[in-house]
$ cat data_39.txt   # compact mmCIF, C-alpha atoms
# COMPACT_ATOMS: atom_id res chain seq x y z
CA MET T 5 -65.76 146.34 -63.60
CA ARG T 6 -66.43 148.48 -60.53
CA ARG T 7 -64.60 151.36 -62.17
CA VAL T 8 -66.54 150.88 -65.42
CA ALA T 9 -69.90 150.89 -63.60
CA THR T 10 -68.90 153.94 -61.54
CA ALA T 11 -67.64 155.78 -64.64
CA LEU T 12 -70.95 155.05 -66.39
CA LEU T 13 -72.86 156.47 -63.40
CA VAL T 14 -70.68 159.61 -63.34
CA GLY T 15 -71.14 159.94 -67.10
CA MET T 16 -74.91 159.81 -66.71
CA ALA T 17 -74.72 162.52 -64.04
CA LEU T 18 -72.64 164.78 -66.30
CA LEU T 19 -74.95 164.08 -69.25
CA TRP T 20 -77.97 164.94 -67.12
CA ALA T 21 -76.41 168.24 -66.03
CA LEU T 22 -75.48 169.15 -69.60
CA ALA T 23 -78.85 168.16 -71.09
CA HIS T 24 -80.76 169.94 -68.32
CA ALA T 25 -78.75 173.14 -68.81
CA LEU T 26 -79.26 173.11 -72.59
CA GLU T 27 -82.95 172.35 -72.15
CA ARG T 28 -83.42 175.36 -69.84
CA GLY T 29 -81.62 177.56 -72.38
CA GLY T 30 -84.41 176.94 -74.88
CA GLY T 31 -82.52 174.47 -77.05
CA HIS T 32 -83.76 171.63 -79.18
CA PRO T 33 -86.59 169.45 -77.69
CA ALA T 34 -84.29 166.44 -77.97
CA TRP T 35 -82.38 167.73 -74.96
CA GLY T 36 -85.43 167.03 -72.83
CA TRP T 37 -85.45 163.42 -73.93
CA LEU T 38 -81.74 163.14 -73.24
CA ALA T 39 -82.16 164.71 -69.81
CA ALA T 40 -84.97 162.26 -68.96
CA PHE T 41 -82.80 159.33 -70.05
CA ALA T 42 -79.78 160.53 -68.07
CA GLU T 43 -81.81 161.33 -64.97
CA ALA T 44 -83.51 157.94 -64.85
CA ALA T 45 -80.22 156.18 -65.65
CA MET T 46 -78.56 158.01 -62.78
CA VAL T 47 -81.33 156.99 -60.41
CA GLY T 48 -81.17 153.34 -61.58
CA GLY T 49 -77.39 153.26 -61.27
CA LEU T 50 -77.49 154.75 -57.77
CA ALA T 51 -80.19 152.31 -56.66
CA ASP T 52 -78.23 149.30 -57.91
CA TRP T 53 -75.00 150.66 -56.42
CA PHE T 54 -76.75 150.87 -53.07
CA ALA T 55 -78.14 147.32 -53.44
CA VAL T 56 -74.81 145.80 -54.45
CA THR T 57 -72.86 147.66 -51.79
CA ALA T 58 -75.40 146.80 -49.08
CA LEU T 59 -74.64 143.10 -49.60
CA PHE T 60 -71.04 143.48 -48.45
CA ARG T 61 -70.75 146.68 -46.39
CA HIS T 62 -72.54 149.82 -45.15
CA PRO T 63 -72.92 152.29 -48.07
CA LEU T 64 -70.58 155.24 -47.47
CA GLY T 65 -69.95 153.78 -44.00
CA VAL T 66 -73.41 154.73 -42.77
CA PRO T 67 -74.94 151.87 -40.66
CA ILE T 68 -78.27 151.84 -42.46
CA PRO T 69 -80.54 148.97 -41.32
CA HIS T 70 -80.42 145.83 -43.45
CA THR T 71 -77.05 146.67 -45.01
CA ALA T 72 -73.72 144.77 -44.72
CA ILE T 73 -75.90 141.68 -45.06
CA ILE T 74 -73.15 139.09 -45.64
CA PRO T 75 -70.84 140.12 -42.75
CA ARG T 76 -73.77 140.30 -40.31
CA ASN T 77 -75.12 136.88 -41.34
CA LYS T 78 -71.80 135.05 -41.71
CA ASP T 79 -72.67 132.23 -39.31
CA ARG T 80 -76.13 131.73 -40.79
CA ILE T 81 -74.60 131.60 -44.29
CA ALA T 82 -72.14 128.97 -43.06
CA ASP T 83 -74.93 126.80 -41.67
CA THR T 84 -76.98 127.27 -44.85
CA MET T 85 -74.03 126.25 -47.04
CA ALA T 86 -73.41 123.18 -44.91
CA GLY T 87 -77.08 122.21 -45.03
CA PHE T 88 -77.14 122.69 -48.79
CA LEU T 89 -74.13 120.40 -49.22
CA ARG T 90 -75.64 117.84 -46.90
CA ALA T 91 -79.05 117.81 -48.60
CA ASN T 92 -77.93 117.94 -52.21
CA PHE T 93 -74.55 116.22 -52.41
CA LEU T 94 -73.71 114.08 -49.38
CA THR T 95 -76.83 111.95 -48.99
CA PRO T 96 -76.47 108.22 -49.76
CA ALA T 97 -79.39 108.34 -52.21
CA VAL T 98 -77.84 111.18 -54.24
CA ILE T 99 -74.40 109.56 -54.35
CA ALA T 100 -75.82 106.16 -55.30
CA ARG T 101 -77.95 107.69 -58.04
CA ARG T 102 -75.05 109.69 -59.47
CA LEU T 103 -72.69 106.71 -59.47
CA HIS T 104 -75.32 104.37 -60.86
CA ALA T 105 -75.64 106.60 -63.93
CA THR T 106 -71.90 106.58 -64.58
CA ASN T 107 -69.19 103.96 -65.04
CA PRO T 108 -66.21 105.13 -62.97
CA ALA T 109 -64.27 101.91 -63.56
CA ARG T 110 -64.41 102.27 -67.36
CA LEU T 111 -63.49 105.96 -67.19
CA LEU T 112 -60.53 105.13 -64.96
CA GLY T 113 -59.48 102.33 -67.30
CA GLU T 114 -59.56 104.64 -70.32
CA PHE T 115 -57.52 107.23 -68.46
CA LEU T 116 -54.90 104.68 -67.38
CA GLN T 117 -54.59 103.39 -70.96
CA ARG T 118 -53.61 106.76 -72.35
CA PRO T 119 -50.02 107.07 -73.54
CA GLN T 120 -47.53 108.09 -70.93
CA ALA T 121 -46.96 111.48 -72.58
CA GLU T 122 -50.70 112.19 -72.60
CA ARG T 123 -51.35 110.86 -69.14
CA GLY T 124 -48.25 112.60 -67.93
CA THR T 125 -45.39 111.33 -65.82
CA ARG T 126 -46.51 113.28 -62.78
CA LEU T 127 -48.94 110.56 -61.72
CA ARG T 128 -46.42 107.75 -61.44
CA ALA T 129 -43.57 110.05 -60.38
CA GLY T 130 -45.77 111.60 -57.73
CA VAL T 131 -46.93 108.23 -56.42
CA ALA T 132 -43.36 106.90 -56.39
CA GLY T 133 -41.97 110.00 -54.69
CA LEU T 134 -44.75 110.04 -52.11
CA ALA T 135 -44.17 106.37 -51.30
CA ALA T 136 -40.41 106.92 -50.96
CA ASP T 137 -40.90 109.94 -48.69
CA ALA T 138 -43.34 107.98 -46.55
CA LEU T 139 -40.92 105.05 -46.18
CA GLU T 140 -38.08 107.38 -45.26
CA SER T 141 -40.07 109.47 -42.78
CA LEU T 142 -41.45 106.53 -40.79
CA ASP T 143 -39.40 104.87 -38.05
CA PRO T 144 -38.00 101.78 -39.81
CA ARG T 145 -37.74 99.76 -36.60
CA ALA T 146 -41.27 100.57 -35.46
CA LEU T 147 -42.70 99.99 -38.95
CA GLY T 148 -40.85 96.69 -39.26
CA GLU T 149 -42.18 95.58 -35.88
CA GLN T 150 -45.73 96.49 -36.90
CA VAL T 151 -45.40 94.54 -40.15
CA ARG T 152 -43.89 91.61 -38.28
CA HIS T 153 -46.69 91.55 -35.72
CA LEU T 154 -49.26 91.77 -38.50
CA LEU T 155 -47.67 88.89 -40.42
CA ALA T 156 -47.31 86.86 -37.22
CA ARG T 157 -50.96 87.45 -36.35
CA GLN T 158 -52.07 86.41 -39.83
CA ALA T 159 -49.76 83.39 -39.78
CA GLY T 160 -51.10 82.44 -36.35
CA ARG T 161 -54.64 82.38 -37.73
CA LEU T 162 -53.61 80.35 -40.79
CA GLU T 163 -53.50 76.57 -40.39
CA LEU T 164 -50.43 75.59 -42.36
CA ALA T 165 -50.69 71.81 -42.37
CA PRO T 166 -53.70 71.45 -44.75
CA LEU T 167 -52.27 74.11 -47.03
CA MET T 168 -48.93 72.35 -47.15
CA GLY T 169 -50.62 68.99 -47.70
CA HIS T 170 -52.77 70.16 -50.62
CA THR T 171 -49.80 71.94 -52.18
CA LEU T 172 -47.62 68.84 -51.86
CA SER T 173 -50.37 66.64 -53.34
CA ALA T 174 -50.71 68.95 -56.34
CA ILE T 175 -46.94 68.94 -56.88
CA ILE T 176 -46.76 65.15 -56.72
CA ALA T 177 -49.78 64.66 -58.97
CA GLY T 178 -48.24 66.83 -61.68
CA GLY T 179 -44.81 65.26 -61.36
CA ARG T 180 -43.33 68.68 -60.65
CA HIS T 181 -41.25 67.27 -57.82
CA ARG T 182 -39.11 65.13 -60.16
CA PRO T 183 -36.84 67.95 -61.41
CA LEU T 184 -36.22 68.86 -57.79
CA MET T 185 -35.40 65.25 -56.99
CA ASP T 186 -33.00 65.10 -59.97
CA ALA T 187 -31.27 68.23 -58.75
CA MET T 188 -31.00 66.72 -55.28
CA ILE T 189 -29.43 63.55 -56.69
CA ARG T 190 -26.87 65.58 -58.67
CA TRP T 191 -26.10 67.60 -55.56
CA LEU T 192 -25.55 64.40 -53.55
CA GLY T 193 -23.18 63.18 -56.29
CA THR T 194 -21.21 66.41 -56.06
CA VAL T 195 -21.06 66.14 -52.27
CA LEU T 196 -19.87 62.52 -52.51
CA GLU T 197 -17.22 63.45 -55.05
CA GLY T 198 -15.82 66.11 -52.75
CA ASN T 199 -15.84 63.85 -49.68
CA GLU T 200 -14.66 60.46 -50.99
CA ALA T 201 -11.68 60.45 -48.63
CA LEU T 202 -13.94 61.18 -45.66
CA VAL T 203 -16.25 58.29 -46.58
CA ARG T 204 -13.32 55.89 -46.91
CA ARG T 205 -11.89 57.02 -43.58
CA MET T 206 -15.28 56.52 -41.89
CA VAL T 207 -15.48 52.98 -43.31
CA SER T 208 -11.93 52.28 -42.16
CA ASP T 209 -12.58 53.62 -38.67
CA ARG T 210 -15.61 51.39 -38.29
CA ALA T 211 -13.90 48.29 -39.72
CA GLY T 212 -12.38 45.75 -37.41
CA SER T 213 -8.68 45.54 -36.66
CA VAL T 214 -8.45 42.33 -38.68
CA LEU T 215 -9.75 44.08 -41.80
CA ARG T 216 -7.36 46.95 -41.29
CA TRP T 217 -4.47 44.52 -40.73
CA THR T 218 -5.24 42.65 -43.94
CA GLY T 219 -5.88 45.89 -45.93
CA LEU T 220 -9.45 44.93 -46.74
CA ASP T 221 -10.76 48.15 -45.16
CA GLU T 222 -9.51 50.16 -48.13
CA ARG T 223 -11.16 47.78 -50.58
CA LEU T 224 -14.36 47.94 -48.52
CA GLY T 225 -14.27 51.76 -48.59
CA ASN T 226 -13.83 51.76 -52.38
CA THR T 227 -16.72 49.34 -52.69
CA VAL T 228 -18.97 51.57 -50.59
CA VAL T 229 -18.05 54.67 -52.59
CA ASP T 230 -18.54 52.86 -55.92
CA GLY T 231 -21.87 51.52 -54.70
CA LEU T 232 -23.06 54.99 -53.75
CA TYR T 233 -22.04 56.35 -57.16
CA ARG T 234 -23.83 53.48 -58.91
CA MET T 235 -26.98 53.99 -56.86
CA LEU T 236 -27.05 57.74 -57.58
CA ALA T 237 -26.51 57.11 -61.28
CA GLU T 238 -29.34 54.58 -61.39
CA LEU T 239 -31.63 56.96 -59.54
CA LEU T 240 -30.80 59.71 -62.03
CA VAL T 241 -31.40 57.71 -65.23
CA ASP T 242 -34.27 55.48 -64.11
CA PRO T 243 -37.48 57.40 -63.36
CA ASP T 244 -39.10 54.16 -62.11
CA HIS T 245 -36.33 53.23 -59.71
CA PRO T 246 -37.72 51.51 -56.58
CA LEU T 247 -36.09 54.10 -54.33
CA ARG T 248 -37.79 56.86 -56.30
CA ARG T 249 -41.10 55.08 -55.83
CA LYS T 250 -40.40 54.83 -52.13
CA VAL T 251 -39.78 58.59 -51.99
CA ASP T 252 -43.00 59.23 -53.93
CA GLU T 253 -44.95 57.03 -51.55
CA SER T 254 -43.43 58.77 -48.54
CA LEU T 255 -44.28 62.19 -49.94
CA ALA T 256 -47.84 61.11 -50.73
CA ARG T 257 -48.26 59.73 -47.22
CA LEU T 258 -46.87 62.96 -45.77
CA ALA T 259 -49.32 65.01 -47.88
CA HIS T 260 -52.21 62.84 -46.68
CA ASP T 261 -51.17 63.11 -43.04
CA LEU T 262 -50.79 66.89 -43.26
CA VAL T 263 -54.42 67.14 -44.32
CA HIS T 264 -56.10 64.32 -42.39
CA ASP T 265 -53.91 63.35 -39.42
CA PRO T 266 -54.72 65.47 -36.32
CA GLU T 267 -51.43 64.54 -34.68
CA MET T 268 -49.39 65.66 -37.68
CA ARG T 269 -51.36 68.88 -37.95
CA ALA T 270 -50.77 69.55 -34.26
CA LYS T 271 -47.03 69.02 -34.72
CA VAL T 272 -46.94 71.50 -37.62
CA GLU T 273 -48.89 74.08 -35.61
CA ALA T 274 -46.57 73.61 -32.64
CA ALA T 275 -43.52 74.06 -34.86
CA LYS T 276 -45.06 77.17 -36.40
CA ALA T 277 -45.76 78.61 -32.95
CA ARG T 278 -42.16 77.97 -31.86
CA VAL T 279 -40.81 79.72 -34.95
CA LEU T 280 -43.09 82.72 -34.47
CA ALA T 281 -42.14 82.99 -30.80
CA ASN T 282 -38.41 82.64 -31.44
CA PRO T 283 -36.60 86.01 -31.06
CA ALA T 284 -34.11 84.91 -33.71
CA ALA T 285 -36.94 84.76 -36.25
CA GLY T 286 -37.88 88.32 -35.35
CA GLU T 287 -34.33 89.54 -35.81
CA TRP T 288 -34.10 87.70 -39.12
CA TRP T 289 -37.28 89.39 -40.29
CA MET T 290 -36.01 92.82 -39.24
CA GLY T 291 -32.91 92.30 -41.37
CA VAL T 292 -35.03 91.20 -44.32
CA TRP T 293 -37.37 94.17 -43.81
CA GLU T 294 -34.51 96.69 -43.74
CA ARG T 295 -33.08 95.31 -46.98
CA LEU T 296 -36.53 95.42 -48.56
CA ARG T 297 -37.14 98.97 -47.35
CA THR T 298 -33.83 100.42 -48.49
CA GLY T 299 -34.03 98.60 -51.82
CA LEU T 300 -37.57 99.82 -52.42
CA ILE T 301 -36.64 103.42 -51.56
CA ALA T 302 -33.67 103.30 -53.94
CA SER T 303 -35.82 101.82 -56.68
CA LEU T 304 -38.49 104.47 -56.19
CA ARG T 305 -35.91 107.25 -56.29
CA ASP T 306 -34.11 106.11 -59.44
CA GLY T 307 -37.35 105.63 -61.38
CA GLY T 308 -37.19 101.86 -61.88
CA THR T 309 -40.23 101.16 -59.78
CA ALA T 310 -41.95 104.23 -61.25
CA ALA T 311 -41.61 102.80 -64.76
CA SER T 312 -42.85 99.44 -63.57
CA LEU T 313 -45.73 101.21 -61.84
CA ASP T 314 -46.58 102.95 -65.12
CA ASP T 315 -46.73 99.58 -66.93
CA SER T 316 -48.87 98.14 -64.16
CA LEU T 317 -51.26 101.08 -64.32
CA ALA T 318 -51.61 100.68 -68.07
CA GLU T 319 -52.29 96.96 -67.69
CA LEU T 320 -54.88 97.70 -65.01
CA GLY T 321 -56.48 100.22 -67.34
CA ARG T 322 -56.80 97.66 -70.12
CA ALA T 323 -58.41 95.18 -67.74
CA LEU T 324 -60.86 97.76 -66.42
CA ALA T 325 -61.85 98.91 -69.91
CA ALA T 326 -62.29 95.43 -71.37
CA GLU T 327 -63.91 93.43 -68.57
CA PRO T 328 -67.55 94.32 -67.86
CA ARG T 329 -67.68 92.01 -64.84
CA LEU T 330 -64.60 93.66 -63.36
CA GLN T 331 -66.19 97.05 -64.00
CA LEU T 332 -69.33 95.89 -62.23
CA GLN T 333 -67.36 94.79 -59.18
CA VAL T 334 -65.24 97.96 -59.05
CA ASN T 335 -68.28 100.22 -59.53
CA ARG T 336 -70.21 98.35 -56.87
CA PHE T 337 -67.28 98.66 -54.46
CA ALA T 338 -66.90 102.38 -55.22
CA ARG T 339 -70.61 102.99 -54.80
CA ARG T 340 -70.78 101.14 -51.50
CA THR T 341 -67.63 102.84 -50.23
CA LEU T 342 -68.76 106.36 -51.09
CA VAL T 343 -72.27 105.75 -49.79
CA GLY T 344 -70.80 104.41 -46.57
CA VAL T 345 -68.48 107.42 -46.27
CA ALA T 346 -71.42 109.77 -46.85
CA SER T 347 -73.55 107.97 -44.27
CA ARG T 348 -70.83 107.81 -41.68
CA TYR T 349 -68.89 111.02 -42.23
CA GLY T 350 -71.31 113.28 -44.15
CA GLY T 351 -72.27 115.16 -41.01
CA GLY T 352 -68.63 115.66 -40.10
CA ILE T 353 -67.78 116.95 -43.58
CA VAL T 354 -70.52 119.56 -43.61
CA ALA T 355 -69.68 120.48 -40.02
CA LEU T 356 -66.10 121.06 -41.16
CA VAL T 357 -67.35 123.41 -43.89
CA SER T 358 -69.62 125.26 -41.47
CA ASP T 359 -67.00 125.58 -38.73
CA THR T 360 -64.35 126.76 -41.20
CA VAL T 361 -66.58 129.53 -42.56
CA LYS T 362 -67.60 130.53 -39.03
CA ARG T 363 -63.95 130.86 -38.00
CA TRP T 364 -63.29 133.30 -40.83
CA ASP T 365 -63.61 136.94 -39.88
CA ALA T 366 -66.27 139.05 -41.58
CA ASN T 367 -63.77 140.81 -43.85
CA THR T 368 -62.41 137.48 -45.12
CA VAL T 369 -65.87 136.15 -45.92
CA THR T 370 -66.83 139.41 -47.64
CA ALA T 371 -63.64 139.52 -49.70
CA ARG T 372 -63.93 135.90 -50.86
CA ILE T 373 -67.59 136.10 -51.84
CA GLU T 374 -67.15 139.48 -53.49
CA GLY T 375 -64.12 138.19 -55.36
CA ALA T 376 -66.14 135.23 -56.64
CA VAL T 377 -69.30 137.08 -57.78
CA GLY T 378 -68.27 140.75 -57.77
CA ARG T 379 -67.81 141.00 -61.54
CA ASP T 380 -71.38 139.91 -62.19
CA LEU T 381 -72.65 142.27 -59.50
CA GLN T 382 -71.00 145.20 -61.27
CA PHE T 383 -72.82 144.17 -64.45
CA ILE T 384 -76.02 144.54 -62.42
CA ARG T 385 -75.04 148.17 -61.81
CA ILE T 386 -74.36 148.72 -65.49
CA ASN T 387 -77.59 147.06 -66.54
CA GLY T 388 -79.51 149.04 -63.90
CA THR T 389 -78.10 152.28 -65.26
CA LEU T 390 -79.04 151.50 -68.85
CA VAL T 391 -82.44 149.99 -68.03
CA GLY T 392 -83.20 152.98 -65.79
CA GLY T 393 -82.44 155.30 -68.69
CA LEU T 394 -84.79 153.40 -71.00
CA VAL T 395 -87.53 153.55 -68.36
CA GLY T 396 -86.89 157.29 -68.09
CA LEU T 397 -87.43 157.66 -71.84
CA LEU T 398 -90.66 155.69 -71.56
CA LEU T 399 -91.92 157.86 -68.70
CA HIS T 400 -90.92 161.03 -70.58
CA ALA T 401 -92.85 159.79 -73.61
CA VAL T 402 -95.91 159.13 -71.46
CA THR T 403 -95.60 162.59 -69.91
CA GLN T 404 -95.37 164.26 -73.33
CA THR T 405 -98.38 162.33 -74.56
CA LEU T 406 -100.54 163.35 -71.63
$ encode --input "data_39.txt" --output "structure tokens"
Amino acid sequence: MRRVATALLVGMALLWALAHALERGGGHPAWGWLAAFAEAAMVGGLADWFAVTALFRHPLGVPIPHTAIIPRNKDRIADTMAGFLRANFLTPAVIARRLHATNPARLLGEFLQRPQAERGTRLRAGVAGLAADALESLDPRALGEQVRHLLARQAGRLELAPLMGHTLSAIIAGGRHRPLMDAMIRWLGTVLEGNEALVRRMVSDRAGSVLRWTGLDERLGNTVVDGLYRMLAELLVDPDHPLRRKVDESLARLAHDLVHDPEMRAKVEAAKARVLANPAAGEWWMGVWERLRTGLIASLRDGGTAASLDDSLAELGRALAAEPRLQLQVNRFARRTLVGVASRYGGGIVALVSDTVKRWDANTVTARIEGAVGRDLQFIRINGTLVGGLVGLLLHAVTQTL
């Protein structure tokens, strides 16, 4: 566009020379009109060239006052830009008003619901790859220790006894402990079946010498084993067995004590403190953490977690788009967060913009601004040339009339 504007200016100069020469040779009166147009167009083009050039540099390298305006006022421009951003974009009132007029949660939900091909795989793949890189780059031991300390701190603040008591009460009330009890009874039967000889030997060892001499110890051992089998079978088939009721009563009493008995709660807290302070528990957690970390990295790399993440994002999108109350909560959180960020860090953001521009050298600032608006500025030169020519015609017409 600079070449086009310059070529137009040169063309006007050549046209002016030609028309002026023909006019002096006694040619057609139209040459006078053409000369007036070309002369005024040349003047307008030169004036606008000077104005446009003076913004960014000294015209023809001559240090004329009030030229090279942008390089000379770089720091003031930086401060003005920062103040403009601060006053018009990063004030809490502006951000709150903008967000209040929109529904970011619904827009996000609609975006997340789009088909994978439309939404693109880069989102989930990028998130998965970034998470895997982060897990690999961080020191696994240090990260595991930080997670362990965080969990230990949270566990230390949590009183386990009431939580355990309420959970146990809910399990007992719904009868959900009975399948577990049945499984325990079957397991005891399996253990007894594999250790019948041991039980008989224990009975024989504890029997008197008279019983062993008469052989009654073997019969007593068989009786004990048969009795244990019979008791386990009765417990398994009879849901109202007295022993079952005893277990239920004991569990209910334990649940009550966990919630209401200060001594029991103190015992649970003491046991929790001992577990948290035990180095063996820390080593166990580090082993668990390493397996979790390596498994998660492998899953992120092979795409399994990425696909699951894509399904989760789509489900989140459906919830955001369909639940007005959830939208209200998300929008309120976003509004408060952004307003808080603007209040707390707005000054730092605009200072970053101002300092960055100030650190640029004058040539960098000039090149970037000229690259952004230079095309339109060259149109100013073209328009100035053509408008100047039209004004020249008007003045020539006035001159001929007078």
$ residues_around --input "data_39.txt" --residues "Ala25 in chain T" --least-positions-apart "4" --cutoff "12 Å" --atoms "all atoms listed in the file" --output "number ranges by chain"
T: 18-21, 29-32, 35-36, 38-39
$ residues_near_point --input "data_39.txt" --point "(-70.3, 122.4, -43.3)" --cutoff "9 Å" --atoms "all atoms listed in the file" --output "PyMOL selection string"
chain T and resi 82-90+351-361
$ atom_distance --input "data_39.txt" --atom1 "CA of Thr71 in chain T" --atom2 "CA of Phe41 in chain T"
28.6 Å
$ closest_residue --input "data_39.txt" --among "T:Val369, T:Ala156, T:Leu330, T:Met188" --to "Asn77 in chain T" --atoms "only C-alpha atoms"
T:Val369
$ closest_residue --input "data_39.txt" --among "T:Met235, T:Val402, T:Ile73, T:Val343" --to "Pro96 in chain T" --atoms "only C-alpha atoms"
T:Val343
$ closest_residue --input "data_39.txt" --among "T:Arg145, T:Ala44, T:Glu319, T:His245" --to "Glu287 in chain T" --atoms "all atoms listed in the file"
T:Arg145
$ closest_residue --input "data_39.txt" --among "T:Ala323, T:Leu258, T:Leu12, T:Leu236" --to "Ser173 in chain T" --atoms "all atoms listed in the file"
T:Leu258
$ residues_around --input "data_39.txt" --residues "Glu273 in chain T" --least-positions-apart "3" --cutoff "10 Å" --atoms "all atoms listed in the file" --output "number ranges by chain"
T: 160, 162-165, 267-270, 276-279
